[in-house]
Amino acid sequence: MGFFDFITEAGADLFGKDEPEPQITRPIIDHIKDAGVNTESVNVGFRNGAVTLSGYVPNQEQKQKAVLVAGNIAGVASVQDNLILGKAPKDEIEQKAEIAKKAVNANTTEATFRTYTVKSGDTLGAISKEMYGKASLYNKIFKANTPMLKDADHIYPGQVLKIPE
């Protein structure tokens, strides 16, 4: 669980400038789903440039991808990650117990990951050289960020990328 900041003007342009905030959660959830995240048990809120993600995702990779994809939308300044790993419990009692258990274990069991905010003139090769010491490992970054990235040559300033360890 955490709070992540993003550059508001950078990212996919999903909604019109005059769109009322309550109506823009559907494009956000669709965008996350299109990136390959199982959104069956994910809820999205949006207010004043902040996206809140809650509910359940099956694994850490899906959780990280949901946060990064949501943050890389034009108009999003921050993402509050309240996602829980696992399947949604069947009934309310199980749900409360599961949430409590996940919250206690969240800080000790979740893998950490680094992020990198793309600057003007960056390439995946240059980022790879900075992060790993070898430009040839750029494909590692590309694979970690697909399907958000469709082409290794198309990154833009302000985009936040996941950097695998």
# chains A, B, ... in the order shown; residues from 1 in each chain; ligands from 1
>>> residues_around(residues="range 10-13 of chain A", least_positions_apart="3", cutoff="10 Å", atoms="only C-alpha atoms", output="PyMOL selection string")
chain A and resi 6-7+16-17+31+69-77+148+155-160
>>> write_last_selection(atoms="C-alpha atoms", output="short mmCIF file (atom, residue, chain, number, x, y, z; two decimals), in the first residue's frame")
data_model
loop_
_atom_site.label_atom_id
_atom_site.label_comp_id
_atom_site.auth_asym_id
_atom_site.auth_seq_id
_atom_site.Cartn_x
_atom_site.Cartn_y
_atom_site.Cartn_z
CA PHE A 6 3.16 11.29 -11.19
CA ILE A 7 3.48 14.18 -13.65
CA GLY A 16 -11.96 15.12 -22.24
CA LYS A 17 -10.97 18.21 -20.31
CA HIS A 31 -7.15 1.36 -19.51
CA VAL A 69 -0.73 2.35 -15.76
CA ALA A 70 -3.11 4.48 -13.67
CA GLY A 71 -0.34 7.00 -12.97
CA ASN A 72 0.63 7.27 -16.61
CA ILE A 73 -2.66 8.89 -17.61
CA ALA A 74 -2.79 12.57 -18.48
CA GLY A 75 -4.55 14.41 -15.66
CA VAL A 76 -3.44 12.00 -12.93
CA ALA A 77 -1.09 13.54 -10.37
CA MET A 148 1.83 -0.23 -21.38
CA ILE A 155 8.66 6.58 -24.38
CA TYR A 156 7.89 10.16 -23.39
CA PRO A 157 9.05 12.65 -20.75
CA GLY A 158 7.13 12.29 -17.51
CA GLN A 159 6.24 8.63 -18.09
CA VAL A 160 6.95 6.48 -15.04
#
>>> closest_residue(among="A:Thr115, A:Thr25, A:Thr146, A:Ser78", to="Lys162 in chain A", atoms="only C-alpha atoms")
A:Thr115
>>> atom_distance(atom1="CA of Asp122 in chain A", atom2="CA of Ala66 in chain A")
23.4 Å
>>> atom_distance(atom1="CA of Asn82 in chain A", atom2="CA of Lys140 in chain A")
27.1 Å
>>> closest_residue(among="A:Ala135, A:Val79, A:Leu85, A:Leu161", to="Pro58 in chain A", atoms="only C-alpha atoms")
A:Leu85
>>> residues_around(residues="Val57 in chain A", least_positions_apart="5", cutoff="8 Å", atoms="only C-alpha atoms", output="PyMOL selection string")
chain A and resi 37-39+41-42+62-63+83-87
>>> residues_around(residues="Asp153 in chain A", least_positions_apart="5", cutoff="12 Å", atoms="only C-alpha atoms", output="list in words")
Gly121, Asp122, Thr123, Leu124, Gly125, Ala126, Tyr138, Asn139 and Phe142 of chain A
>>> write_last_selection(atoms="N, CA and C atoms", output="short mmCIF file (atom, residue, chain, number, x, y, z; two decimals), in the first residue's frame")
data_model
loop_
_atom_site.label_atom_id
_atom_site.label_comp_id
_atom_site.auth_asym_id
_atom_site.auth_seq_id
_atom_site.Cartn_x
_atom_site.Cartn_y
_atom_site.Cartn_z
N GLY A 121 14.88 13.28 -23.93
CA GLY A 121 16.10 12.72 -24.52
C GLY A 121 16.42 11.31 -24.06
N ASP A 122 15.71 10.79 -23.08
CA ASP A 122 15.95 9.42 -22.60
C ASP A 122 15.58 8.38 -23.65
N THR A 123 16.29 7.27 -23.61
CA THR A 123 15.94 6.07 -24.37
C THR A 123 15.96 4.92 -23.39
N LEU A 124 15.35 3.81 -23.74
CA LEU A 124 15.40 2.65 -22.84
C LEU A 124 16.85 2.17 -22.67
N GLY A 125 17.64 2.30 -23.73
CA GLY A 125 19.05 1.93 -23.63
C GLY A 125 19.80 2.79 -22.62
N ALA A 126 19.55 4.10 -22.67
CA ALA A 126 20.22 5.02 -21.73
C ALA A 126 19.75 4.77 -20.29
N TYR A 138 18.16 -3.11 -22.03
CA TYR A 138 16.95 -2.30 -22.17
C TYR A 138 15.69 -3.15 -22.31
N ASN A 139 15.82 -4.33 -22.90
CA ASN A 139 14.65 -5.19 -23.12
C ASN A 139 14.04 -5.66 -21.80
N PHE A 142 11.74 -2.92 -20.99
CA PHE A 142 10.62 -2.96 -21.93
C PHE A 142 9.63 -4.05 -21.55
#
>>> closest_residue(among="A:Asp34, A:Leu68, A:Gln80, A:Tyr116", to="Leu53 in chain A", atoms="only C-alpha atoms")
A:Gln80
>>> closest_residue(among="A:Asn48, A:Asn59, A:Thr117, A:Asn145", to="Ala35 in chain A", atoms="only C-alpha atoms")
A:Asn145
